[in-house]
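Next comes my_file_2.tsv, with TSV, C-alpha atoms.
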chain	number	residue	atom	x	y	z
E	78	MET	CA	-32.94	-81.57	-14.87
E	79	LYS	CA	-30.23	-78.96	-14.50
E	80	LYS	CA	-31.03	-77.74	-17.97
E	81	LYS	CA	-34.71	-77.27	-17.10
E	82	ILE	CA	-33.82	-75.40	-13.92
E	83	ALA	CA	-31.46	-73.18	-15.91
E	84	VAL	CA	-34.24	-72.44	-18.40
E	85	LEU	CA	-36.66	-71.73	-15.56
E	86	LEU	CA	-34.24	-69.35	-13.86
E	87	THR	CA	-33.59	-67.61	-17.15
E	88	GLY	CA	-37.32	-67.19	-17.69
E	89	THR	CA	-37.75	-65.81	-14.17
E	90	THR	CA	-34.95	-63.34	-14.77
E	91	VAL	CA	-36.49	-62.20	-18.04
E	92	LEU	CA	-39.89	-61.81	-16.35
E	93	ALA	CA	-38.36	-59.81	-13.49
E	94	MET	CA	-36.55	-57.58	-15.96
E	95	ALA	CA	-39.75	-57.10	-17.93
E	96	LEU	CA	-41.68	-56.19	-14.80
E	97	ALA	CA	-38.96	-53.82	-13.68
E	98	GLY	CA	-38.94	-52.21	-17.11
E	99	CYS	CA	-42.73	-51.86	-17.00
E	100	GLN	CA	-42.57	-50.23	-13.58
E	101	ALA	CA	-39.73	-47.94	-14.66
E	102	SER	CA	-41.78	-46.78	-17.63
E	103	LYS	CA	-44.37	-45.52	-15.15
E	104	GLY	CA	-41.84	-43.47	-13.18
E	105	LEU	CA	-38.89	-41.21	-13.86
E	106	GLU	CA	-35.62	-40.14	-12.36
E	107	THR	CA	-33.73	-36.83	-12.48
E	108	ASP	CA	-30.46	-35.68	-10.95
E	109	ASN	CA	-32.36	-34.42	-7.90
E	110	MET	CA	-35.27	-36.80	-7.37
E	111	THR	CA	-36.93	-40.13	-8.15
E	112	ILE	CA	-40.60	-40.73	-8.89
E	113	THR	CA	-41.20	-44.47	-8.69
E	114	GLN	CA	-44.61	-44.20	-10.36
E	115	TYR	CA	-46.80	-41.43	-11.72
E	116	LYS	CA	-48.64	-43.28	-14.50
E	117	ASP	CA	-51.52	-45.62	-13.65
E	118	VAL	CA	-51.27	-44.90	-9.92
E	119	GLU	CA	-53.94	-46.73	-7.93
E	120	VAL	CA	-56.23	-44.63	-5.74
E	121	ASP	CA	-59.35	-45.29	-3.69
E	122	GLU	CA	-62.45	-44.89	-5.83
E	123	VAL	CA	-63.88	-41.38	-5.72
E	124	GLU	CA	-67.65	-41.19	-5.33
E	125	LYS	CA	-69.35	-40.12	-8.52
E	126	ALA	CA	-70.99	-36.71	-8.71
E	127	PRO	CA	-74.56	-37.04	-7.38
E	128	GLU	CA	-77.61	-36.41	-9.54
E	129	VAL	CA	-79.03	-32.91	-9.15
E	130	SER	CA	-82.55	-33.10	-7.69
E	131	ASP	CA	-85.47	-30.65	-7.81
E	132	LYS	CA	-84.87	-30.11	-4.08
E	133	ASP	CA	-81.26	-29.09	-4.78
E	134	VAL	CA	-82.48	-26.55	-7.33
E	135	GLU	CA	-85.12	-25.20	-4.93
E	136	SER	CA	-82.57	-24.88	-2.11
E	137	TYR	CA	-80.20	-22.94	-4.36
E	138	ILE	CA	-82.91	-20.56	-5.52
E	139	GLU	CA	-84.06	-20.07	-1.92
E	140	SER	CA	-80.49	-19.13	-0.93
E	141	VAL	CA	-80.47	-16.56	-3.76
E	142	ARG	CA	-83.74	-15.12	-2.46
E	143	GLN	CA	-82.28	-15.00	1.06
E	144	SER	CA	-79.27	-13.07	-0.24
E	145	LYS	CA	-81.58	-10.51	-1.83
E	146	ALA	CA	-83.87	-10.14	1.20
E	147	GLU	CA	-84.83	-6.66	2.32
E	148	VAL	CA	-83.59	-6.23	5.88
E	149	LYS	CA	-85.40	-3.80	8.17
E	150	GLU	CA	-84.93	-2.98	11.85
E	151	ILE	CA	-88.21	-3.11	13.76
E	152	LYS	CA	-88.93	-0.69	16.61
E	153	ASP	CA	-92.74	-0.42	16.71
E	154	ARG	CA	-93.77	-3.99	17.48
E	155	ALA	CA	-92.84	-7.11	19.44
E	156	VAL	CA	-90.83	-10.10	18.21
E	157	LYS	CA	-92.71	-12.54	15.97
E	158	GLU	CA	-91.93	-15.85	14.28
E	159	GLY	CA	-89.39	-15.47	11.48
E	160	ASP	CA	-87.72	-12.38	12.95
E	161	THR	CA	-84.05	-12.30	13.89
E	162	ALA	CA	-83.79	-11.09	17.48
E	163	ASN	CA	-80.49	-9.82	18.85
E	164	ILE	CA	-80.43	-10.90	22.49
E	165	ASP	CA	-78.34	-11.15	25.64
E	166	PHE	CA	-78.98	-14.19	27.81
E	167	VAL	CA	-77.65	-15.70	31.01
E	168	GLY	CA	-78.44	-19.30	31.95
E	169	LYS	CA	-78.50	-20.60	35.54
E	170	MET	CA	-78.91	-24.07	37.03
E	171	ASP	CA	-79.57	-24.37	40.75
E	172	GLY	CA	-79.12	-20.61	40.93
E	173	LYS	CA	-75.60	-20.69	39.48
E	174	VAL	CA	-74.40	-19.49	36.07
E	175	PHE	CA	-73.10	-22.46	34.04
E	176	ASP	CA	-70.42	-22.60	31.34
E	177	GLY	CA	-71.67	-22.04	27.80
E	178	GLY	CA	-75.07	-20.81	28.92
E	179	SER	CA	-74.56	-17.09	28.42
E	180	ALA	CA	-73.96	-14.74	25.48
E	181	LYS	CA	-74.20	-11.10	24.46
E	182	ASP	CA	-75.41	-9.66	21.13
E	183	TYR	CA	-76.51	-13.07	19.90
E	184	ASP	CA	-78.50	-13.06	16.64
E	185	LEU	CA	-81.23	-15.70	16.86
E	186	GLU	CA	-83.68	-16.48	14.08
E	187	ILE	CA	-86.99	-17.20	15.81
E	188	GLY	CA	-88.24	-20.59	14.68
E	189	SER	CA	-84.82	-21.95	13.69
E	190	GLY	CA	-84.83	-24.56	16.48
E	191	ALA	CA	-81.27	-23.63	17.43
E	192	PHE	CA	-82.07	-23.64	21.17
E	193	ILE	CA	-83.88	-26.03	23.50
E	194	ASP	CA	-87.65	-26.30	23.14
E	195	GLY	CA	-89.50	-23.24	24.36
E	196	PHE	CA	-86.53	-20.85	24.42
E	197	GLU	CA	-87.28	-19.17	21.10
E	198	ASP	CA	-91.05	-19.20	21.66
E	199	SER	CA	-90.50	-17.32	24.94
E	200	ILE	CA	-89.01	-14.36	23.03
E	201	VAL	CA	-92.07	-13.96	20.80
E	202	GLY	CA	-94.21	-11.08	22.04
E	203	HIS	CA	-91.40	-9.13	23.70
E	204	LYS	CA	-90.25	-5.72	22.52
E	205	VAL	CA	-86.81	-4.12	22.27
E	206	GLY	CA	-85.41	-3.32	25.72
E	207	GLU	CA	-87.50	-5.88	27.59
E	208	SER	CA	-85.85	-8.38	29.95
E	209	PHE	CA	-87.53	-11.48	31.34
E	210	ASP	CA	-86.85	-14.86	32.90
E	211	TRP	CA	-87.75	-18.08	31.13
E	212	ASN	CA	-87.89	-21.42	32.95
E	213	GLY	CA	-87.05	-24.44	30.84
E	214	GLN	CA	-85.54	-27.89	30.88
E	215	PHE	CA	-82.77	-29.55	28.94
E	216	PRO	CA	-83.87	-32.68	27.00
E	217	LYS	CA	-83.18	-35.99	28.72
E	218	ASP	CA	-81.05	-37.04	25.73
E	219	TYR	CA	-79.06	-33.77	25.73
E	220	GLY	CA	-75.41	-34.15	24.69
E	221	SER	CA	-74.03	-33.15	28.09
E	222	ALA	CA	-74.77	-35.67	30.87
E	223	GLU	CA	-74.41	-32.89	33.45
E	224	MET	CA	-77.27	-30.93	31.85
E	225	ALA	CA	-79.52	-33.67	30.48
E	226	GLY	CA	-83.00	-33.40	32.00
E	227	LYS	CA	-81.99	-30.50	34.29
E	228	ASP	CA	-84.13	-27.44	34.99
E	229	VAL	CA	-82.69	-24.14	33.81
E	230	VAL	CA	-83.57	-20.45	34.10
E	231	PHE	CA	-82.54	-18.03	31.35
E	232	THR	CA	-82.62	-14.27	31.82
E	233	ILE	CA	-83.17	-12.87	28.32
E	234	THR	CA	-82.90	-9.27	27.08
E	235	VAL	CA	-84.11	-8.21	23.62
E	236	ASN	CA	-81.64	-5.73	22.10
E	237	SER	CA	-83.05	-5.35	18.61
E	238	ILE	CA	-85.42	-6.94	16.10
E	239	ILE	CA	-84.64	-7.50	12.44
E	240	GLU	CA	-87.26	-8.43	9.86
E	241	GLU	CA	-86.31	-9.96	6.52
E	242	ASN	CA	-88.69	-9.67	3.58
E	243	LEU	CA	-87.89	-12.15	0.83
E	244	PRO	CA	-88.50	-11.07	-2.77
E	245	GLU	CA	-91.31	-12.91	-4.50
E	246	LEU	CA	-90.14	-15.67	-6.84
E	247	ASN	CA	-91.45	-14.43	-10.17
E	248	ASP	CA	-90.17	-13.53	-13.64
E	249	LYS	CA	-89.42	-9.97	-12.55
E	250	PHE	CA	-87.14	-11.21	-9.77
E	251	ILE	CA	-85.40	-13.68	-12.09
E	252	LYS	CA	-84.34	-10.87	-14.42
E	253	THR	CA	-82.50	-9.23	-11.51
E	254	VAL	CA	-80.42	-12.31	-10.67
E	255	SER	CA	-79.77	-13.88	-14.08
E	256	GLU	CA	-78.32	-12.61	-17.34
E	257	LYS	CA	-79.58	-15.66	-19.24
E	258	SER	CA	-83.01	-16.56	-17.90
E	259	LYS	CA	-86.18	-14.52	-18.34
E	260	THR	CA	-88.65	-16.75	-16.50
E	261	VAL	CA	-88.71	-18.87	-13.33
E	262	GLU	CA	-88.78	-22.10	-15.36
E	263	GLU	CA	-85.79	-21.02	-17.44
E	264	TYR	CA	-83.92	-20.11	-14.26
E	265	LYS	CA	-84.60	-23.53	-12.73
E	266	LYS	CA	-83.00	-25.15	-15.77
E	267	GLU	CA	-80.07	-22.73	-15.59
E	268	VAL	CA	-79.52	-23.54	-11.90
E	269	ALA	CA	-79.74	-27.28	-12.58
E	270	GLU	CA	-76.98	-26.99	-15.19
E	271	LEU	CA	-74.87	-24.85	-12.84
E	272	LEU	CA	-75.20	-27.40	-10.02
E	273	LYS	CA	-74.28	-30.24	-12.41
E	274	LYS	CA	-71.13	-28.39	-13.47
E	275	ASP	CA	-70.23	-27.66	-9.83
E	276	ALA	CA	-70.74	-31.32	-8.89
E	277	ALA	CA	-68.60	-32.48	-11.82
E	278	ALA	CA	-65.88	-29.95	-10.93
E	279	SER	CA	-65.93	-31.16	-7.31
E	280	TYR	CA	-65.53	-34.77	-8.50
E	281	ASP	CA	-62.63	-33.83	-10.78
E	282	TYR	CA	-60.94	-31.90	-7.98
E	283	SER	CA	-61.26	-34.83	-5.56
E	284	LEU	CA	-59.82	-37.27	-8.08
E	285	GLU	CA	-56.96	-34.93	-9.00
E	286	THR	CA	-56.16	-34.44	-5.31
E	287	VAL	CA	-55.94	-38.14	-4.38
E	288	ALA	CA	-54.01	-39.02	-7.55
E	289	TRP	CA	-51.53	-36.20	-6.98
E	290	GLU	CA	-51.09	-37.17	-3.33
E	291	LYS	CA	-50.18	-40.68	-4.47
E	292	VAL	CA	-47.60	-39.33	-6.91
E	293	MET	CA	-46.10	-37.18	-4.16
E	294	GLU	CA	-45.92	-40.24	-1.89
E	295	ASN	CA	-44.07	-42.03	-4.69
E	296	THR	CA	-41.51	-39.22	-4.96
E	297	LYS	CA	-38.23	-38.88	-3.09
E	298	VAL	CA	-36.22	-35.68	-3.44
E	299	GLU	CA	-32.50	-36.24	-2.97
E	300	LYS	CA	-31.50	-32.61	-3.39
E	301	TYR	CA	-33.54	-29.44	-3.00
E	302	PRO	CA	-32.62	-26.07	-4.57
E	303	GLU	CA	-31.38	-24.48	-1.33
E	304	LYS	CA	-31.46	-20.91	-2.65
E	305	GLU	CA	-35.12	-21.23	-3.64
E	306	LEU	CA	-36.02	-22.76	-0.26
E	307	LYS	CA	-34.29	-19.93	1.57
E	308	GLU	CA	-35.94	-17.20	-0.50
E	309	MET	CA	-39.42	-18.71	-0.08
E	310	LYS	CA	-38.96	-19.13	3.67
E	311	GLU	CA	-37.73	-15.57	4.13
E	312	LYS	CA	-40.63	-14.24	2.06
E	313	LEU	CA	-43.22	-16.11	4.15
E	314	ILE	CA	-41.67	-15.06	7.45
E	315	ALA	CA	-41.55	-11.45	6.24
E	316	GLN	CA	-45.29	-11.61	5.52
E	317	TYR	CA	-46.04	-12.75	9.07
E	318	LYS	CA	-43.74	-10.10	10.52
E	319	SER	CA	-45.56	-7.47	8.47
E	320	ALA	CA	-48.89	-8.78	9.76
E	321	ALA	CA	-47.61	-8.55	13.34
E	322	GLU	CA	-46.45	-4.99	12.75
E	323	TYR	CA	-49.82	-4.08	11.22
E	324	TYR	CA	-51.57	-5.22	14.39
E	325	GLY	CA	-49.03	-3.49	16.60
E	326	MET	CA	-47.59	-6.74	17.94
E	327	GLU	CA	-44.20	-8.34	18.18
E	328	TYR	CA	-43.66	-11.23	15.77
E	329	GLU	CA	-42.99	-13.65	18.64
E	330	THR	CA	-46.04	-12.43	20.59
E	331	MET	CA	-48.38	-12.80	17.61
E	332	LEU	CA	-47.26	-16.39	17.00
E	333	GLU	CA	-47.69	-17.28	20.63
E	334	GLU	CA	-51.08	-15.59	21.17
E	335	GLN	CA	-52.70	-16.19	17.78
E	336	MET	CA	-51.23	-19.57	16.86
E	337	GLY	CA	-50.04	-20.97	20.18
E	338	MET	CA	-46.55	-21.59	18.76
E	339	THR	CA	-42.97	-20.59	19.45
E	340	VAL	CA	-40.92	-18.97	16.71
E	341	GLU	CA	-38.84	-22.15	16.42
E	342	ALA	CA	-41.88	-24.43	16.03
E	343	PHE	CA	-43.54	-22.06	13.56
E	344	GLU	CA	-40.47	-21.74	11.38
E	345	GLU	CA	-40.08	-25.53	11.36
E	346	GLN	CA	-43.60	-25.66	9.91
E	347	ILE	CA	-42.56	-23.06	7.35
E	348	ASP	CA	-39.60	-25.27	6.40
E	349	THR	CA	-41.91	-28.24	5.83
E	350	ALA	CA	-44.44	-26.21	3.84
E	351	VAL	CA	-41.77	-24.66	1.64
E	352	LYS	CA	-40.17	-28.03	0.89
E	353	GLU	CA	-43.56	-29.47	-0.02
E	354	ALA	CA	-44.28	-26.56	-2.37
E	355	VAL	CA	-40.90	-26.86	-4.08
E	356	LYS	CA	-41.29	-30.64	-4.33
E	357	GLU	CA	-44.64	-30.19	-6.09
E	358	ARG	CA	-43.07	-27.76	-8.57
E	359	MET	CA	-40.18	-30.12	-9.27
E	360	VAL	CA	-42.52	-33.08	-9.81
E	361	ALA	CA	-44.87	-31.11	-12.08
E	362	GLU	CA	-42.02	-29.79	-14.22
E	363	ALA	CA	-40.38	-33.23	-14.51
E	364	ILE	CA	-43.61	-34.97	-15.58
E	365	ALA	CA	-44.49	-32.13	-17.96
E	366	LYS	CA	-41.09	-32.41	-19.63
E	367	LYS	CA	-41.23	-36.21	-19.87
E	368	GLU	CA	-44.82	-36.36	-21.16
E	369	LYS	CA	-44.71	-33.15	-23.23
E	370	VAL	CA	-47.49	-31.45	-21.25
E	371	ASN	CA	-47.20	-27.98	-22.78
E	372	LEU	CA	-48.46	-24.74	-21.26
E	373	ASP	CA	-49.21	-22.74	-24.40
E	374	ASP	CA	-50.83	-19.28	-24.40
E	375	LYS	CA	-54.34	-20.70	-24.74
E	376	SER	CA	-53.87	-23.18	-21.88
E	377	TYR	CA	-52.28	-20.49	-19.72
E	378	ASP	CA	-55.17	-18.05	-20.21
E	379	LYS	CA	-57.72	-20.78	-19.45
E	380	GLU	CA	-55.90	-21.88	-16.28
E	381	VAL	CA	-55.47	-18.33	-15.02
E	382	GLU	CA	-59.22	-17.77	-15.35
E	383	LYS	CA	-59.80	-20.96	-13.35
E	384	ILE	CA	-57.27	-19.96	-10.68
E	385	ALA	CA	-58.92	-16.54	-10.30
E	386	LYS	CA	-62.30	-18.22	-9.80
E	387	ASP	CA	-60.97	-20.90	-7.41
E	388	TYR	CA	-59.30	-18.31	-5.19
E	389	ASP	CA	-62.24	-15.87	-5.28
E	390	TYR	CA	-60.54	-13.03	-7.15
E	391	ASP	CA	-63.07	-10.70	-8.74
E	392	SER	CA	-61.14	-10.71	-12.01
E	393	VAL	CA	-58.07	-12.08	-13.77
E	394	GLU	CA	-56.59	-8.57	-13.65
E	395	SER	CA	-56.79	-8.42	-9.85
E	396	LEU	CA	-55.17	-11.87	-9.63
E	397	LYS	CA	-52.31	-10.76	-11.87
E	398	LYS	CA	-51.75	-7.71	-9.67
E	399	ALA	CA	-51.47	-9.93	-6.57
E	400	VAL	CA	-49.31	-12.72	-8.02
E	401	THR	CA	-46.25	-12.71	-10.27
E	402	GLU	CA	-46.44	-14.15	-13.78
E	403	GLU	CA	-43.80	-16.74	-12.84
E	404	GLU	CA	-45.94	-17.96	-9.91
E	405	LEU	CA	-49.02	-18.09	-12.12
E	406	LYS	CA	-47.24	-20.14	-14.76
E	407	GLU	CA	-46.00	-22.58	-12.13
E	408	GLU	CA	-49.52	-23.01	-10.74
E	409	ALA	CA	-51.06	-23.32	-14.20
E	410	LEU	CA	-48.56	-25.99	-15.28
E	411	LYS	CA	-49.06	-27.91	-12.04
E	412	ASN	CA	-52.82	-27.92	-12.64
E	413	LEU	CA	-52.33	-29.31	-16.15
E	414	VAL	CA	-50.05	-32.06	-14.85
E	415	LYS	CA	-52.44	-32.92	-12.03
E	416	ARG	CA	-55.21	-33.36	-14.59
E	417	TRP	CA	-52.92	-35.49	-16.78
E	418	VAL	CA	-52.12	-37.77	-13.82
E	419	ALA	CA	-55.78	-38.01	-12.74
E	420	ASP	CA	-56.91	-38.92	-16.26
E	421	ARG	CA	-54.57	-41.92	-16.15
E	422	CYS	CA	-55.00	-43.08	-12.57
E	423	ILE	CA	-56.73	-46.35	-11.67
E	424	GLN	CA	-59.59	-46.15	-9.18
E	425	VAL	CA	-59.89	-49.16	-6.88
E	426	LYS	CA	-63.09	-50.01	-5.05
E	427	ALA	CA	-62.79	-50.36	-1.29
E	428	GLN	CA	-62.98	-53.97	-0.14

Translate the structure of the given file into structure tokens.
Amino acid sequence: MKKKIAVLLTGTTVLAMALAGCQASKGLETDNMTITQYKDVEVDEVEKAPEVSDKDVESYIESVRQSKAEVKEIKDRAVKEGDTANIDFVGKMDGKVFDGGSAKDYDLEIGSGAFIDGFEDSIVGHKVGESFDWNGQFPKDYGSAEMAGKDVVFTITVNSIIEENLPELNDKFIKTVSEKSKTVEEYKKEVAELLKKDAAASYDYSLETVAWEKVMENTKVEKYPEKELKEMKEKLIAQYKSAAEYYGMEYETMLEEQMGMTVEAFEEQIDTAVKEAVKERMVAEAIAKKEKVNLDDKSYDKEVEKIAKDYDYDSVESLKKAVTEEELKEEALKNLVKRWVADRCIQVKAQ
């Protein structure tokens, strides 16, 4: 009996050692930190990229048309449906002005349904400079119990009228907005492909984000590079001080008025942000070294193009003027590692 127990205990020990070894192979340890697991991390399942519908394509093309609309200020006629009227309005209930019921220089597209029923219709037919009272009523199911079902009087003044003329959707228009397509049908296919790529990129980004967050949760830094932390913190604070100076404000005043924070609280946030940034760099470099994730010239150029696009720079050149090469290489390597981790993560369906 003792012999069997001894065998059983030995087997348990071997199993525990095997499991520990398996877990260790999914993590790594350096002199400064420990990552318990970065391979095969489990994450909540990310919703697959949706199918692109004809409606999606139509909406995109309509937004392109809107961006190319001819805008004209109208002075010789009254407001009509579809115009954008710039208005001042003051709302009163029981003869008293109420909170949130007044505005100046408000641009309202007539027919948008942004206001309670009848408000926008009341503006139709009025010319620039005209003021009038409109009597209305808040819906009984209005979000505010204090206003639901209540009578209201708005005094409205028309300041200006803007008319937008959308370009006709034809082959001629398509040639002005696309370098590839020559016809409307070709452009619809081009847009469908673009939306598919955007949806796939959004899916990839979401998966990379949750997988990376899990790796960061699995990481404990025992020792930070203090010099780097100090330099990063001082650089960030200097940027905010420069911003305050630009606006003719004291650093302390800007933080208090614009961010509602004391210098002490703000700089504590800076500490946290800087540590998180350095931690990410340390983790990315450690995994890259262990797994031989190499940032060669080709990979670097590709990542820099992606970074420029993601951060809305008009060109790679303008990005390189704004950011140091060292910072770009760090970001590019981190992106490669994030992708490596995401490609190997395990998605788990919610129960």

Distance query region 324-333 of chain E at most 10 Å, only C-alpha atoms, self and fewer than 6 positions along chain excluded, as a PyMOL selection string: chain E and resi 314-315+317-318+339-343

Take the residues just selected and output them with C-alpha atoms as a compact mmCIF listing (two decimals), in the coordinates of the input.
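Written output follows (part_12.txt):
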# COMPACT_ATOMS: atom_id res chain seq x y z
CA ILE E 314 -41.67 -15.06 7.45
CA ALA E 315 -41.55 -11.45 6.24
CA TYR E 317 -46.04 -12.75 9.07
CA LYS E 318 -43.74 -10.10 10.52
CA THR E 339 -42.97 -20.59 19.45
CA VAL E 340 -40.92 -18.97 16.71
CA GLU E 341 -38.84 -22.15 16.42
CA ALA E 342 -41.88 -24.43 16.03
CA PHE E 343 -43.54 -22.06 13.56

Which residues of region 251-303 of chain E have any atom within 9 Å of an atom in region 345-366 of chain E when counting only C-alpha atoms, and what is the closest pair of atoms for each, with the distance in Å to one decimal? Order the rows by chain and rising number and write it as JSON lines.
{"residue": "E:Val292", "atom": "CA", "partner": "E:Val360", "partner_atom": "CA", "distance": 8.6}
{"residue": "E:Met293", "atom": "CA", "partner": "E:Glu357", "partner_atom": "CA", "distance": 7.4}
{"residue": "E:Thr296", "atom": "CA", "partner": "E:Val360", "partner_atom": "CA", "distance": 7.9}
{"residue": "E:Lys297", "atom": "CA", "partner": "E:Lys356", "partner_atom": "CA", "distance": 8.9}
{"residue": "E:Val298", "atom": "CA", "partner": "E:Lys356", "partner_atom": "CA", "distance": 7.2}
{"residue": "E:Tyr301", "atom": "CA", "partner": "E:Lys352", "partner_atom": "CA", "distance": 7.8}
{"residue": "E:Pro302", "atom": "CA", "partner": "E:Val355", "partner_atom": "CA", "distance": 8.3}

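Note that the spacing between CA of Ala277 (chain E) and CA of Leu410 (chain E) amounts to 21.3 Å.
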
Selection near Glu207 (chain E), 9 Å with all atoms listed in the file, sequence-local residues under 4 positions removed, as number ranges by chain: E: 203, 233-236

Computed interatomic separation between CA of Glu408 (chain E) and CA of Lys379 (chain E) (Å):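 Spanning CA of Glu408 (chain E) to CA of Lys379 (chain E) is a straight-line distance of 12.2 Å.
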
CA of Lys259 (chain E) to CA of Arg142 (chain E), straight-line distance in Å: 16.1 Å

Selection: 9 Å around Lys217 (chain E), only C-alpha atoms, excl. self and same-chain fewer than 6 positions, as number ranges by chain: E: 224-227

Go ahead and write the residues just picked, C-alpha atoms, as a short mmCIF file (atom, residue, chain, number, x, y, z; two decimals), keeping the file's coordinate frame.
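The resulting file, part-v3.cif, is shown below:
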data_model
loop_
_atom_site.label_atom_id
_atom_site.label_comp_id
_atom_site.auth_asym_id
_atom_site.auth_seq_id
_atom_site.Cartn_x
_atom_site.Cartn_y
_atom_site.Cartn_z
CA MET E 224 -77.27 -30.93 31.85
CA ALA E 225 -79.52 -33.67 30.48
CA GLY E 226 -83.00 -33.40 32.00
CA LYS E 227 -81.99 -30.50 34.29
#

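For Tyr377 (chain E), the non-local neighbours within 10 Å, defined as residues at least 3 positions apart in the same chain or in other chains and counting all atoms listed in the file, are Asn371, Leu372, Asp373, Asp374, Glu380, Val381, Glu382, Lys383, Leu405, Lys406, Glu408, Ala409, Leu410 and Leu413 of chain E.
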
Nearest candidate to Asp133 (chain E) (options E:Ile187, E:Val156, E:Ala276, E:Ala162; using all atoms listed in the file):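 Ranking E:Ile187, E:Val156, E:Ala276, E:Ala162 by distance to Asp133 (chain E), first place goes to E:Ala276.
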
Closest of E:Ser102, E:Gly202, E:Glu135, E:Lys157 to Asp117 (chain E) - atom-to-atom distances counting all atoms listed in the file: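 Answer, going by the shortest atom-to-atom distance: E:Ser102.
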
Pick from E:Glu407, E:Glu262, E:Asp281, E:Glu402 nearest to Ala126 (chain E), counting all atoms listed in the file: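 Of all the options, E:Asp281 lies closest to Ala126 (chain E).
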
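Residue nearest Ser208 (chain E), chosen from E:Phe231, E:Gly168, E:Thr260, E:Gly178 and counting all atoms listed in the file: E:Phe231.
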
Using all atoms listed in the file: which of E:Ile238, E:Ala385, E:Val418, E:Val174 has the shortest distance to Ile200 (chain E): E:Ile238

Which residue of E:Asp160, E:Ser189, E:Phe209, E:Ile251 approaches Lys145 (chain E) most closely, using only C-alpha atoms: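 Going through E:Asp160, E:Ser189, E:Phe209, E:Ile251 one by one, the smallest distance to Lys145 (chain E) is for E:Ile251.
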